[in-house]
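Everything below belongs to start04.txt, which stores compact mmCIF, C-alpha atoms and all ligand atoms.
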# COMPACT_ATOMS: atom_id res chain seq x y z
CA LEU D 1 82.88 158.94 50.93
CA SER D 2 83.80 155.84 49.01
CA ASP D 3 83.06 153.37 51.78
CA ILE D 4 79.40 154.33 51.82
CA THR D 5 78.94 153.81 48.07
CA PRO D 6 77.11 150.51 48.01
CA PHE D 7 76.93 149.67 44.36
CA PRO D 8 80.01 148.27 42.69
CA LYS D 9 80.41 149.29 39.06
CA SER D 10 79.33 145.88 37.77
CA GLY D 11 75.91 146.04 39.41
CA GLY D 12 72.95 148.20 38.49
CA PRO D 13 71.26 150.36 41.09
CA GLY D 14 70.09 148.25 43.99
CA LEU D 15 71.98 145.20 42.81
CA ILE D 16 74.82 143.92 44.94
CA PRO D 17 76.83 140.98 43.61
CA VAL D 18 78.13 138.33 45.99
CA ASP D 19 81.25 136.95 44.31
CA LEU D 20 81.61 133.26 45.05
CA GLY D 21 82.64 131.75 41.73
CA GLU D 22 79.99 129.34 40.50
CA ARG D 23 77.94 130.05 43.64
CA SER D 24 77.77 133.80 42.93
CA TYR D 25 74.44 135.57 43.22
CA ASP D 26 72.89 139.02 43.46
CA ILE D 27 71.25 140.79 46.36
CA HIS D 28 68.39 142.96 45.10
CA VAL D 29 67.69 145.90 47.43
CA GLY D 30 64.93 148.48 47.11
CA ASP D 31 61.60 149.78 48.25
CA GLY D 32 58.66 147.98 46.64
CA LEU D 33 60.73 145.09 45.26
CA LEU D 34 58.16 142.52 46.34
CA ALA D 35 56.04 143.61 43.38
CA ARG D 36 58.94 142.56 41.13
CA ALA D 37 59.54 139.23 42.87
CA GLY D 38 57.94 137.26 40.01
CA GLU D 39 60.25 138.81 37.46
CA ILE D 40 63.35 138.23 39.59
CA VAL D 41 62.40 134.65 40.50
CA GLU D 42 61.69 133.85 36.85
CA ALA D 43 65.01 135.34 35.80
CA VAL D 44 67.09 133.27 38.24
CA ALA D 45 64.98 130.10 38.51
CA GLY D 46 63.38 129.86 35.08
CA ALA D 47 60.35 127.64 34.60
CA ARG D 48 60.85 125.56 37.74
CA ARG D 49 58.36 124.74 40.49
CA VAL D 50 58.52 127.25 43.35
CA ILE D 51 57.30 126.82 46.93
CA VAL D 52 57.00 129.66 49.43
CA VAL D 53 57.97 128.90 53.05
CA SER D 54 57.01 131.57 55.58
CA ASP D 55 55.79 132.14 59.12
CA SER D 56 52.16 132.90 59.89
CA THR D 57 52.84 136.51 61.00
CA VAL D 58 54.74 137.43 57.84
CA ALA D 59 52.23 135.55 55.68
CA GLY D 60 49.32 137.45 57.26
CA LEU D 61 50.95 140.77 56.45
CA HIS D 62 52.70 140.25 53.12
CA LEU D 63 51.95 136.91 51.46
CA GLU D 64 49.11 138.35 49.40
CA ALA D 65 51.52 140.84 47.81
CA LEU D 66 54.11 138.11 47.12
CA ASP D 67 51.43 135.78 45.72
CA ALA D 68 50.21 138.50 43.35
CA ALA D 69 53.74 139.20 42.14
CA LEU D 70 54.49 135.50 41.53
CA ASP D 71 51.13 134.80 39.89
CA ALA D 72 51.59 137.74 37.52
CA HIS D 73 54.46 135.73 36.03
CA ALA D 74 52.50 132.48 35.85
CA LEU D 75 55.19 130.60 37.75
CA ASP D 76 54.58 126.92 38.45
CA ARG D 77 53.67 127.05 42.14
CA ALA D 78 53.02 124.56 44.89
CA PRO D 79 50.86 125.67 47.86
CA SER D 80 52.79 127.74 50.42
CA ILE D 81 53.99 126.22 53.70
CA LEU D 82 53.45 128.28 56.86
CA LEU D 83 55.17 127.66 60.20
CA PRO D 84 54.65 129.31 63.59
CA PRO D 85 56.71 132.48 64.16
CA GLY D 86 59.55 132.49 66.69
CA GLU D 87 62.94 130.96 67.43
CA GLY D 88 61.23 127.69 68.44
CA THR D 89 60.72 127.08 64.72
CA LYS D 90 64.47 126.60 64.22
CA SER D 91 64.11 123.08 65.63
CA PHE D 92 64.41 119.45 64.54
CA ALA D 93 60.63 119.13 64.95
CA ALA D 94 59.90 122.08 62.64
CA LEU D 95 62.50 120.83 60.15
CA GLU D 96 60.70 117.49 60.00
CA THR D 97 57.32 119.20 59.59
CA LEU D 98 58.73 121.34 56.79
CA LEU D 99 60.43 118.44 54.97
CA ASP D 100 57.26 116.32 55.20
CA ALA D 101 55.22 119.20 53.80
CA LEU D 102 57.69 119.65 50.94
CA PHE D 103 57.60 115.93 50.05
CA LYS D 104 53.80 115.95 50.24
CA ARG D 105 53.85 118.66 47.60
CA GLY D 106 55.85 116.37 45.35
CA ILE D 107 59.05 118.40 45.17
CA ASP D 108 61.77 117.18 42.84
CA ARG D 109 65.41 118.17 42.48
CA HIS D 110 64.50 121.14 40.31
CA SER D 111 62.06 122.68 42.78
CA VAL D 112 63.02 126.05 44.25
CA ILE D 113 62.21 127.12 47.80
CA LEU D 114 61.39 130.77 48.51
CA ALA D 115 62.27 131.58 52.13
CA PHE D 116 59.94 134.47 52.98
CA GLY D 117 60.45 135.80 56.51
CA GLY D 118 62.98 136.76 59.13
CA GLY D 119 66.18 134.97 60.07
CA VAL D 120 64.28 132.07 61.58
CA ILE D 121 62.54 131.19 58.31
CA GLY D 122 65.68 131.94 56.26
CA ASP D 123 67.86 129.68 58.40
CA LEU D 124 65.32 126.85 58.59
CA ALA D 125 64.10 126.90 54.98
CA GLY D 126 67.69 127.34 53.76
CA PHE D 127 68.75 124.30 55.75
CA ALA D 128 65.76 122.30 54.51
CA ALA D 129 66.83 123.25 50.98
CA ALA D 130 70.38 122.10 51.74
CA VAL D 131 69.31 118.64 52.90
CA ALA D 132 66.10 117.83 50.97
CA LEU D 133 66.94 115.46 48.10
CA ARG D 134 70.63 116.27 48.87
CA GLY D 135 70.23 119.88 47.91
CA LEU D 136 67.61 122.15 46.35
CA ASP D 137 68.00 125.71 45.14
CA PHE D 138 66.45 128.43 47.25
CA ILE D 139 65.87 132.17 47.19
CA GLN D 140 65.91 134.42 50.25
CA ILE D 141 63.15 137.02 50.57
CA PRO D 142 64.04 138.50 53.98
CA THR D 143 61.41 140.54 55.85
CA THR D 144 63.22 141.77 58.99
CA LEU D 145 66.02 144.31 59.02
CA LEU D 146 68.26 141.72 60.66
CA ALA D 147 67.51 139.20 57.93
CA GLN D 148 68.00 141.77 55.15
CA VAL D 149 71.40 142.94 56.35
CA ASP D 150 72.72 139.76 57.89
CA SER D 151 71.13 136.32 57.96
CA SER D 152 69.99 136.16 54.31
CA VAL D 153 73.48 136.94 53.03
CA GLY D 154 76.43 134.58 53.19
CA GLY D 155 74.92 131.11 53.04
CA LYS D 156 74.87 130.04 56.68
CA THR D 157 71.73 127.98 57.31
CA GLY D 158 70.70 125.81 60.21
CA ILE D 159 68.68 125.03 63.30
CA ASN D 160 69.24 124.91 67.06
CA ALA D 161 70.05 121.81 69.12
CA LYS D 162 69.47 121.11 72.81
CA ALA D 163 73.15 121.83 73.43
CA GLY D 164 72.99 125.29 71.88
CA LYS D 165 71.98 127.68 69.10
CA ASN D 166 72.90 127.11 65.46
CA LEU D 167 74.78 123.88 66.20
CA VAL D 168 73.27 121.97 63.27
CA GLY D 169 73.59 123.49 59.84
CA SER D 170 75.18 123.82 56.47
CA PHE D 171 76.71 126.37 54.16
CA HIS D 172 74.16 126.68 51.36
CA GLN D 173 74.15 129.81 49.21
CA PRO D 174 70.86 131.09 47.78
CA LEU D 175 70.23 131.75 44.06
CA ALA D 176 69.34 135.34 44.92
CA VAL D 177 68.29 137.61 47.77
CA ILE D 178 65.30 139.93 47.33
CA ALA D 179 65.30 142.57 50.08
CA ASP D 180 62.24 144.84 49.85
CA CYS D 181 62.75 147.56 52.47
CA GLY D 182 59.06 148.41 52.15
CA VAL D 183 58.04 145.27 54.07
CA LEU D 184 59.98 146.60 57.08
CA ARG D 185 57.21 149.18 57.63
CA THR D 186 55.20 146.55 59.51
CA LEU D 187 58.15 145.43 61.65
CA PRO D 188 57.81 146.31 65.37
CA PRO D 189 60.20 149.18 66.28
CA ARG D 190 62.08 147.02 68.77
CA GLU D 191 62.86 144.46 66.04
CA MET D 192 63.91 147.35 63.77
CA ARG D 193 66.37 148.64 66.37
CA ALA D 194 67.73 145.13 66.95
CA GLY D 195 68.49 144.84 63.22
CA TYR D 196 70.03 148.30 63.27
CA ALA D 197 72.67 147.04 65.73
CA GLU D 198 73.99 144.78 62.94
CA VAL D 199 74.01 147.74 60.52
CA VAL D 200 76.19 149.66 62.99
CA LYS D 201 78.39 146.57 63.26
CA TYR D 202 79.40 146.81 59.58
CA ALA D 203 80.34 150.46 60.06
CA LEU D 204 82.43 149.58 63.10
CA ILE D 205 84.22 146.69 61.36
CA ASP D 206 85.77 148.54 58.44
CA ARG D 207 83.62 151.48 57.25
CA PRO D 208 84.31 154.64 59.22
CA GLY D 209 82.64 156.73 56.49
CA PHE D 210 79.48 154.68 56.89
CA PHE D 211 79.61 155.34 60.63
CA SER D 212 79.67 159.09 59.95
CA TRP D 213 76.77 158.62 57.54
CA LEU D 214 74.83 156.74 60.22
CA GLU D 215 75.53 159.52 62.73
CA GLU D 216 73.70 161.81 60.27
CA ASN D 217 71.07 159.42 58.94
CA GLY D 218 70.55 156.74 61.59
CA ALA D 219 67.31 158.30 62.82
CA ALA D 220 65.91 158.33 59.27
CA VAL D 221 66.91 154.68 58.83
CA LEU D 222 65.14 153.72 62.05
CA ALA D 223 62.08 155.76 61.09
CA GLY D 224 61.88 153.73 57.88
CA GLU D 225 62.50 156.60 55.45
CA ALA D 226 62.70 154.79 52.12
CA GLY D 227 65.90 156.31 50.73
CA ALA D 228 67.93 156.15 53.93
CA LEU D 229 66.73 152.65 54.73
CA ALA D 230 67.55 151.23 51.29
CA GLU D 231 70.98 152.89 51.42
CA ALA D 232 71.73 151.42 54.86
CA VAL D 233 70.57 147.94 53.79
CA ALA D 234 72.57 148.11 50.56
CA VAL D 235 75.79 149.28 52.22
CA SER D 236 75.40 146.62 54.92
CA CYS D 237 74.81 143.84 52.37
CA HIS D 238 77.78 145.04 50.36
CA ALA D 239 79.97 145.10 53.49
CA LYS D 240 78.98 141.54 54.36
CA ALA D 241 79.25 140.35 50.74
CA VAL D 242 82.84 141.59 50.47
CA ILE D 243 83.90 139.79 53.65
CA VAL D 244 82.04 136.57 52.73
CA ALA D 245 83.60 136.60 49.23
CA GLU D 246 87.05 136.73 50.83
CA ASP D 247 86.37 133.95 53.32
CA GLU D 248 83.20 131.98 52.60
CA ARG D 249 83.72 129.33 55.28
CA GLU D 250 85.10 131.47 58.11
CA SER D 251 88.68 130.28 58.22
CA GLY D 252 89.87 133.85 58.81
CA ARG D 253 88.51 137.29 58.03
CA ARG D 254 84.82 136.32 58.18
CA ALA D 255 85.26 136.17 61.98
CA LEU D 256 85.21 139.99 61.93
CA LEU D 257 81.43 139.68 61.49
CA ASN D 258 81.42 138.47 65.10
CA LEU D 259 82.27 141.93 66.44
CA GLY D 260 80.42 142.22 69.77
CA HIS D 261 79.19 138.65 69.46
CA THR D 262 81.46 136.87 71.97
CA PHE D 263 79.99 139.02 74.73
CA ALA D 264 76.52 138.93 73.10
CA HIS D 265 76.39 135.14 72.98
CA ALA D 266 77.31 134.95 76.69
CA LEU D 267 74.57 137.47 77.55
CA GLU D 268 72.01 135.58 75.44
CA ALA D 269 72.95 132.23 76.97
CA GLU D 270 72.75 133.64 80.50
CA ASN D 271 69.39 135.21 79.61
CA GLY D 272 68.11 131.83 78.42
CA TYR D 273 67.30 133.18 74.93
CA ASP D 274 63.98 134.68 75.98
CA SER D 275 62.46 137.92 74.73
CA ARG D 276 63.91 140.07 77.53
CA LEU D 277 67.00 140.41 75.33
CA LEU D 278 66.87 140.24 71.52
CA HIS D 279 69.99 139.16 69.63
CA GLY D 280 70.59 142.66 68.25
CA GLU D 281 70.22 144.14 71.72
CA ALA D 282 72.84 141.72 73.04
CA VAL D 283 75.07 142.67 70.10
CA SER D 284 74.69 146.35 70.98
CA ILE D 285 75.87 145.74 74.54
CA GLY D 286 78.56 143.40 73.20
CA MET D 287 79.93 146.04 70.80
CA VAL D 288 80.16 148.54 73.67
CA LEU D 289 82.07 145.92 75.71
CA ALA D 290 84.38 145.06 72.79
CA HIS D 291 85.34 148.73 72.40
CA ARG D 292 85.77 149.16 76.15
CA LEU D 293 88.00 146.10 76.24
CA SER D 294 90.00 147.52 73.32
CA ALA D 295 90.37 150.84 75.16
CA ARG D 296 91.33 149.08 78.40
CA LEU D 297 94.13 147.28 76.54
CA GLY D 298 95.32 150.59 75.12
CA LEU D 299 94.38 149.55 71.58
CA CYS D 300 91.53 151.98 70.90
CA PRO D 301 91.05 155.64 71.91
CA GLU D 302 88.57 156.08 74.81
CA THR D 303 86.86 158.76 72.71
CA ASP D 304 86.01 156.22 69.99
CA ALA D 305 84.60 153.78 72.55
CA ALA D 306 82.46 156.63 73.90
CA LEU D 307 81.24 157.52 70.37
CA VAL D 308 80.13 153.94 69.75
CA GLU D 309 78.20 153.89 73.01
CA ALA D 310 76.57 157.28 72.38
CA HIS D 311 75.47 156.27 68.87
CA LEU D 312 73.85 153.03 70.02
CA ARG D 313 72.18 154.76 72.97
CA ARG D 314 70.70 157.42 70.66
CA ALA D 315 69.35 154.63 68.46
CA GLY D 316 67.39 153.39 71.48
CA LEU D 317 69.52 150.28 71.92
CA PRO D 318 70.73 149.04 75.31
CA VAL D 319 74.40 149.87 76.02
CA ASP D 320 74.70 148.53 79.56
CA LEU D 321 73.06 146.09 81.97
CA SER D 322 70.91 148.57 83.88
CA ALA D 323 67.70 146.99 82.58
CA HIS D 324 69.11 143.49 83.04
CA PRO D 325 70.12 142.90 86.66
CA HIS D 326 69.89 139.14 86.05
CA LEU D 327 72.85 139.36 83.63
CA ARG D 328 75.26 141.14 85.92
CA ASP D 329 77.32 138.25 87.30
CA PRO D 330 80.68 138.48 85.46
CA ASP D 331 81.73 134.98 86.49
CA ARG D 332 78.62 133.38 85.04
CA LEU D 333 79.15 135.30 81.79
CA MET D 334 82.81 134.25 81.70
CA ALA D 335 81.75 130.61 82.11
CA HIS D 336 79.53 130.93 79.02
CA MET D 337 82.41 132.43 77.08
CA ALA D 338 84.76 129.63 78.04
CA ARG D 339 82.26 127.22 76.47
CA ASP D 340 82.00 129.31 73.29
CA LYS D 341 82.96 127.56 70.04
CA LYS D 342 85.76 130.11 69.64
CA ALA D 343 87.54 129.63 72.98
CA ARG D 344 90.95 127.94 72.69
CA ASN D 345 93.13 126.65 75.58
CA GLY D 346 91.62 128.98 78.16
CA ARG D 347 92.38 132.08 76.07
CA LEU D 348 89.58 133.89 74.30
CA VAL D 349 89.22 135.00 70.70
CA PHE D 350 87.71 138.48 70.51
CA ILE D 351 87.08 140.93 67.74
CA LEU D 352 88.64 144.14 69.04
CA SER D 353 89.18 147.53 67.47
CA HIS D 354 91.84 150.19 66.94
CA GLY D 355 89.04 152.75 66.55
CA ILE D 356 85.80 153.35 64.62
CA GLY D 357 85.89 151.16 61.51
CA GLN D 358 89.15 149.41 62.44
CA ALA D 359 88.18 146.03 63.86
CA PHE D 360 90.64 143.14 63.99
CA ILE D 361 90.81 139.56 65.24
CA ALA D 362 92.51 139.27 68.64
CA PRO D 363 93.08 135.53 69.11
CA ASP D 364 94.68 135.54 72.53
CA ILE D 365 92.87 137.68 75.10
CA ASP D 366 93.45 137.14 78.81
CA PRO D 367 90.07 136.24 80.34
CA ALA D 368 90.89 138.53 83.29
CA ASP D 369 90.70 141.56 80.99
CA ALA D 370 87.33 140.49 79.55
CA ARG D 371 86.07 139.89 83.07
CA GLY D 372 87.30 143.35 84.01
CA VAL D 373 85.07 145.19 81.53
CA LEU D 374 82.11 142.98 82.45
CA ALA D 375 82.57 143.69 86.16
CA GLU D 376 82.90 147.41 85.42
CA MET D 377 79.65 147.40 83.40
CA ALA D 378 77.87 145.28 86.02
CA GLY D 379 78.82 147.80 88.69
CA ALA D 380 77.71 150.80 86.64
N1 LIG K 401 72.37 132.67 58.92
C1 LIG K 401 73.00 133.70 59.43
O1 LIG K 401 74.07 134.10 58.95
C2 LIG K 401 72.39 134.43 60.58
C3 LIG K 401 72.89 135.68 60.96
C4 LIG K 401 72.25 136.37 61.99
C5 LIG K 401 71.15 135.80 62.62
N2 LIG K 401 70.68 134.58 62.23
C6 LIG K 401 69.50 133.98 62.85
O2 LIG K 401 68.38 134.81 62.58
C7 LIG K 401 67.38 134.58 63.59
C8 LIG K 401 66.79 135.91 64.00
O3 LIG K 401 66.22 136.52 62.87
P1 LIG K 401 65.11 137.67 63.02
O4 LIG K 401 65.59 138.67 63.99
O5 LIG K 401 64.74 138.06 61.66
O6 LIG K 401 63.94 136.90 63.79
P2 LIG K 401 62.55 136.24 63.31
O7 LIG K 401 62.68 135.53 62.04
O8 LIG K 401 62.08 135.47 64.50
O9 LIG K 401 61.62 137.52 63.13
C9 LIG K 401 61.30 138.32 64.24
C10 LIG K 401 59.79 138.49 64.38
O10 LIG K 401 59.34 139.43 63.41
C11 LIG K 401 58.24 138.91 62.68
N3 LIG K 401 58.32 139.52 61.36
C12 LIG K 401 59.16 139.20 60.35
N4 LIG K 401 59.03 140.06 59.33
C13 LIG K 401 58.08 140.95 59.70
C14 LIG K 401 57.53 142.10 59.07
N5 LIG K 401 57.95 142.52 57.87
N6 LIG K 401 56.56 142.77 59.73
C15 LIG K 401 56.16 142.37 60.98
N7 LIG K 401 56.66 141.31 61.62
C16 LIG K 401 57.63 140.61 60.99
C17 LIG K 401 58.42 137.43 62.72
O11 LIG K 401 57.19 136.75 62.55
C18 LIG K 401 58.99 137.22 64.13
O12 LIG K 401 57.95 137.17 65.07
C19 LIG K 401 68.09 133.85 64.72
O13 LIG K 401 67.65 132.52 64.74
C20 LIG K 401 69.57 133.93 64.35
O14 LIG K 401 70.29 132.81 64.80
C21 LIG K 401 71.28 133.90 61.22
ZN ZN K 402 74.44 138.93 64.95

Write-out of the structure in C-alpha cells:
Amino acid sequence: LSDITPFPKSGGPGLIPVDLGERSYDIHVGDGLLARAGEIVEAVAGARRVIVVSDSTVAGLHLEALDAALDAHALDRAPSILLPPGEGTKSFAALETLLDALFKRGIDRHSVILAFGGGVIGDLAGFAAAVALRGLDFIQIPTTLLAQVDSSVGGKTGINAKAGKNLVGSFHQPLAVIADCGVLRTLPPREMRAGYAEVVKYALIDRPGFFSWLEENGAAVLAGEAGALAEAVAVSCHAKAVIVAEDERESGRRALLNLGHTFAHALEAENGYDSRLLHGEAVSIGMVLAHRLSARLGLCPETDAALVEAHLRRAGLPVDLSAHPHLRDPDRLMAHMARDKKARNGRLVFILSHGIGQAFIAPDIDPADARGVLAEMAGA
C-alpha cells in the first residue's frame, strides 16, 4: 500500500526529507541511531561548538550513550545543560535559566544546540535557540514517541504563559532530527500509548492504508518491536513532513494536524493540565468525538467512527469519560472551546472526517452539534 511506504525515492532508508526550501532538513529514523549521532551532527553542523540540553530523567538514562557517540567524533563540546523533567519546564523561568546557562558557556552565533528529550525539552530548547543571539541552529534528538512523531518535526517551538499553553513561541526549524526508536524502550508504557494516539492521528488524517497497517501491527508498535516501531515513526514523520512542507505556517492545510485537538484542548484545560490526563490521551478521546460529530452530521459512516474507537480502545487509550467524571460537564467544555484560538464569531473550527483517512477542515460548526456529542459521551 503506497501510503504506508515512508521513504520517498530521494531519501535513503530511514531518511525522511522535510522540504522547506533553504530551511529543508532530514529526519533520521532507526533503531540504535544514537550511536551514530556524532556522525550525523558532524555532517550537518561541521566543526561548530555543540551543547546538549536535556532533562534529568532522560540524561540519567541515555546521556552517557549520546556523550560517547559525540566524543567519538571529537566534536567541540560545551558542558551539557540539564533541566527538571515535566511541563513546568516550558516556562519563562526555565527559559531564563537555560539562556543564562548558555551564555555562561560562552555560546556564539555558530554554536549548535542539541535538544535531547521529549516535547518539553524540544519546545523549550528550540525556542531558546530561536531567540538566543537572534537565532542559533539546533538539532532535535527526540526521546519520547510523541516527540519523535510530532513535536520534533515542523519547527514549532515555544513555552507556556499564565494565560495558556504554547502561547509564546516561534517557528524555528531544526538542522536535523535524529529519532532513535531504541531509546523508547525506557519510556513508561502510558507515555508510549499517549504518543501512539498521534501516530493513529496521521492514519486518520489521510492514510487509510496506514490505518489498516496499524490494525495489524499496532500491538507490535506499542510493544516496542524494533521493525514495527521504526516503520510507524517513519510513516508518521513522513505524513507530518508532507503537510508541513505544503503549509509551514498553518495558514491552511496544516490545521489537519489538529484532528481531535479542539476537543482535546478543552478536556486538558478543564482537567487543569495535570497527570490525570496526558495530551495523547485527550487526543484519543478527541478523535473519537471528532468522528462521532462527523457521523452525527451525516458526513462519516457510523461504522468508521466505531472502527476508530475500537482501535484506540484496543491500544489501551481512553475513548470516553468513564475514568474522568470531573470532565463530564458539556457546558464547561464548550466554554473552553469558545476561548480556543481557532474559534471565530461563535462558530467553531473542527477537523472532521468523511471516513478513515479522509479528514477535512470544517470551519463553521454549530456549537450545539459539538455540545451534543459531548453530552452523549458524558451520559455514557
Ligand atoms: N512543537 C510541536 O509541534 C508540539 C507538538 C506536540 C506536542 N508538543 C509539546 O510536547 C510536550 C509533550 O511532550 P512529551 O509527551 O514528549 O513530554 P515530556 O517531554 O514531558 O516527556 C514525558 C516524560 O517522559 C520522560 N522521558 C522522555 N524520554 C524518555 C525515555 N526515553 N525514557 C524514559 N523517560 C523518558 C521525560 O523526562 C518526561 O518525564 C508538550 O509540552 C506539548 O505542548 C509540541
Ligand atoms: Zn497533539

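Using all atoms listed in the file, the smallest distance between any of D:His62, D:Phe103, D:Asp320, D:Asp55 and Val120 in chain D comes from D:Asp55.
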
Hey, could you make a per-residue contact list for chain D against ligand ZN 402 (chain K) with 10 Å as the cut-off, showing the nearest pair of atoms and its distance in Å to one decimal, counting only C-alpha atoms and all ligand atoms, sorted by chain and number, as a Markdown table?
| residue | atom | partner | partner_atom | distance |
| --- | --- | --- | --- | --- |
| D:Leu146 | CA | K:ZN402 | ZN | 8.0 |
| D:Ala147 | CA | K:ZN402 | ZN | 9.9 |
| D:Val149 | CA | K:ZN402 | ZN | 10.0 |
| D:Asp150 | CA | K:ZN402 | ZN | 7.3 |
| D:Ser151 | CA | K:ZN402 | ZN | 8.2 |
| D:Ala194 | CA | K:ZN402 | ZN | 9.4 |
| D:Gly195 | CA | K:ZN402 | ZN | 8.6 |
| D:Ala197 | CA | K:ZN402 | ZN | 8.3 |
| D:Glu198 | CA | K:ZN402 | ZN | 6.2 |
| D:Val199 | CA | K:ZN402 | ZN | 9.9 |
| D:Lys201 | CA | K:ZN402 | ZN | 8.8 |
| D:Leu257 | CA | K:ZN402 | ZN | 7.8 |
| D:Asn258 | CA | K:ZN402 | ZN | 7.0 |
| D:Leu259 | CA | K:ZN402 | ZN | 8.5 |
| D:Gly260 | CA | K:ZN402 | ZN | 8.4 |
| D:His261 | CA | K:ZN402 | ZN | 6.6 |
| D:Ala264 | CA | K:ZN402 | ZN | 8.4 |
| D:His265 | CA | K:ZN402 | ZN | 9.1 |
| D:His279 | CA | K:ZN402 | ZN | 6.5 |
| D:Gly280 | CA | K:ZN402 | ZN | 6.3 |
| D:Glu281 | CA | K:ZN402 | ZN | 9.5 |
| D:Ala282 | CA | K:ZN402 | ZN | 8.7 |
| D:Val283 | CA | K:ZN402 | ZN | 6.4 |
| D:Ser284 | CA | K:ZN402 | ZN | 9.6 |

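Each of D:Ala315, D:Thr186, D:His326, D:Arg371 was compared to Ala220 in chain D using only C-alpha atoms, and D:Ala315 turns out to be the nearest.
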
Leaving out Phe127 in chain D and any residue of its chain fewer than 6 positions from it, which residues lie within 9 Å of it when counting all atoms listed in the file, given as an MDAnalysis selection string?
chainID D and resid 95 156:159 169:172

Check every protein, DNA and RNA residue against ligand LIG 401 (chain K), keep those with an atom at most 7 Å away (counting only C-alpha atoms and all ligand atoms), and present them as a PyMOL selection string.
chain D and resi 55-58+61+85-87+90+117-121+123+143-147+150-157+165-166+183-188+191+195

Please identify all polymer residues lying at most 7 Å from the point (72.8, 135.0, 46.6) (file coordinates), using all atoms listed in the file, and present the result as a PyMOL selection string.
chain D and resi 18+24-27+153+173-177

Write the selection just made, keeping C-alpha atoms, as a PDB file, in the coordinates of the input?
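Writing the result to part-v4.pdb gives the following:
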ATOM      1  CA  VAL D  18      78.130 138.330  45.990  1.00  0.00           C
ATOM      2  CA  SER D  24      77.770 133.800  42.930  1.00  0.00           C
ATOM      3  CA  TYR D  25      74.440 135.570  43.220  1.00  0.00           C
ATOM      4  CA  ASP D  26      72.890 139.020  43.460  1.00  0.00           C
ATOM      5  CA  ILE D  27      71.250 140.790  46.360  1.00  0.00           C
ATOM      6  CA  VAL D 153      73.480 136.940  53.030  1.00  0.00           C
ATOM      7  CA  GLN D 173      74.150 129.810  49.210  1.00  0.00           C
ATOM      8  CA  PRO D 174      70.860 131.090  47.780  1.00  0.00           C
ATOM      9  CA  LEU D 175      70.230 131.750  44.060  1.00  0.00           C
ATOM     10  CA  ALA D 176      69.340 135.340  44.920  1.00  0.00           C
ATOM     11  CA  VAL D 177      68.290 137.610  47.770  1.00  0.00           C
TER      12      VAL D 177
END

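Reported to one decimal place, the separation of CA of Asp366 in chain D from CA of Leu267 in chain D is 18.9 Å.
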
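Of note, CA of Leu327 in chain D and CA of Gly379 in chain D are spaced 11.5 Å apart.
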
Give me, please, the distance in Å between CA of Arg314 in chain D and CA of Gly209 in chain D, quoted to one decimal.
18.5 Å

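Among the candidates D:Ala305, D:Ala232, D:Ala223, D:Ile243, the residue lying nearest to Asp19 in chain D is D:Ile243 (atoms considered: all atoms listed in the file).
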
Counting all atoms listed in the file, what is within 10 Å of Ala203 in chain D, bar same-chain residues fewer than 5 positions away, as a PyMOL selection string?
chain D and resi 3-4+198+208-214+235-236+239+356-359

Mind running range 131-186 of chain D against range 107-110 of chain D at 10 Å and telling me each contacting residue's nearest atom pair with the distance in Å (one decimal), counting only C-alpha atoms, chain and number ascending, as a Markdown table?
| residue | atom | partner | partner_atom | distance |
| --- | --- | --- | --- | --- |
| D:Ala132 | CA | D:Arg109 | CA | 8.5 |
| D:Leu133 | CA | D:Arg109 | CA | 6.4 |
| D:Arg134 | CA | D:Arg109 | CA | 8.5 |
| D:Gly135 | CA | D:Arg109 | CA | 7.5 |
| D:Leu136 | CA | D:Arg109 | CA | 6.0 |
| D:Asp137 | CA | D:His110 | CA | 7.5 |

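For the residues D:Ala78, D:Met287, D:Val244, D:Ala35, ranking by smallest atom-to-atom distance to Ala101 in chain D using all atoms listed in the file places D:Ala78 first.
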
Counting all atoms listed in the file, note down every residue that has an atom within 12 Å of the point (85.6, 149.5, 72.8) (file coordinates), as number ranges by chain.
D: 204-205, 259-260, 284-310, 319, 350-360, 370, 373

Tell me which of D:Leu278, D:Ala115, D:Ile51, D:Val131 sits closest to Leu102 in chain D, counting all atoms listed in the file.
D:Ile51

Show me, as a list of chain:residue names, the residues that have an atom within 9 Å of Ser322 in chain D when counting only C-alpha atoms, minus same-chain residues fewer than 3 positions from it.
D:Pro318, D:Val319, D:Pro325, D:Arg328, D:Met377, D:Ala378, D:Ala380

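Considering the residues D:Pro189, D:Gly32, D:Pro79, D:Gly126 and counting all atoms listed in the file, Val221 in chain D has its shortest atom-to-atom contact with D:Pro189.
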
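Proximity to Leu70 in chain D at 10 Å, evaluated using all atoms listed in the file and with sequence-adjacent residues fewer than 2 positions away removed, yields D:Leu34, D:Ala35, D:Arg36, D:Ala37, D:Gly38, D:Glu39, D:Ile40, D:Val41, D:Glu42, D:Val50, D:Glu64, D:Ala65, D:Leu66, D:Asp67, D:Ala68, D:Ala72, D:His73, D:Ala74, D:Leu75, D:Asp76, D:Arg77.
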
Close residues, Gly252 in chain D itself excluded, 9 Å, all atoms listed in the file, min 5 positions apart in chain, as number ranges by chain:
D: 246-247, 361
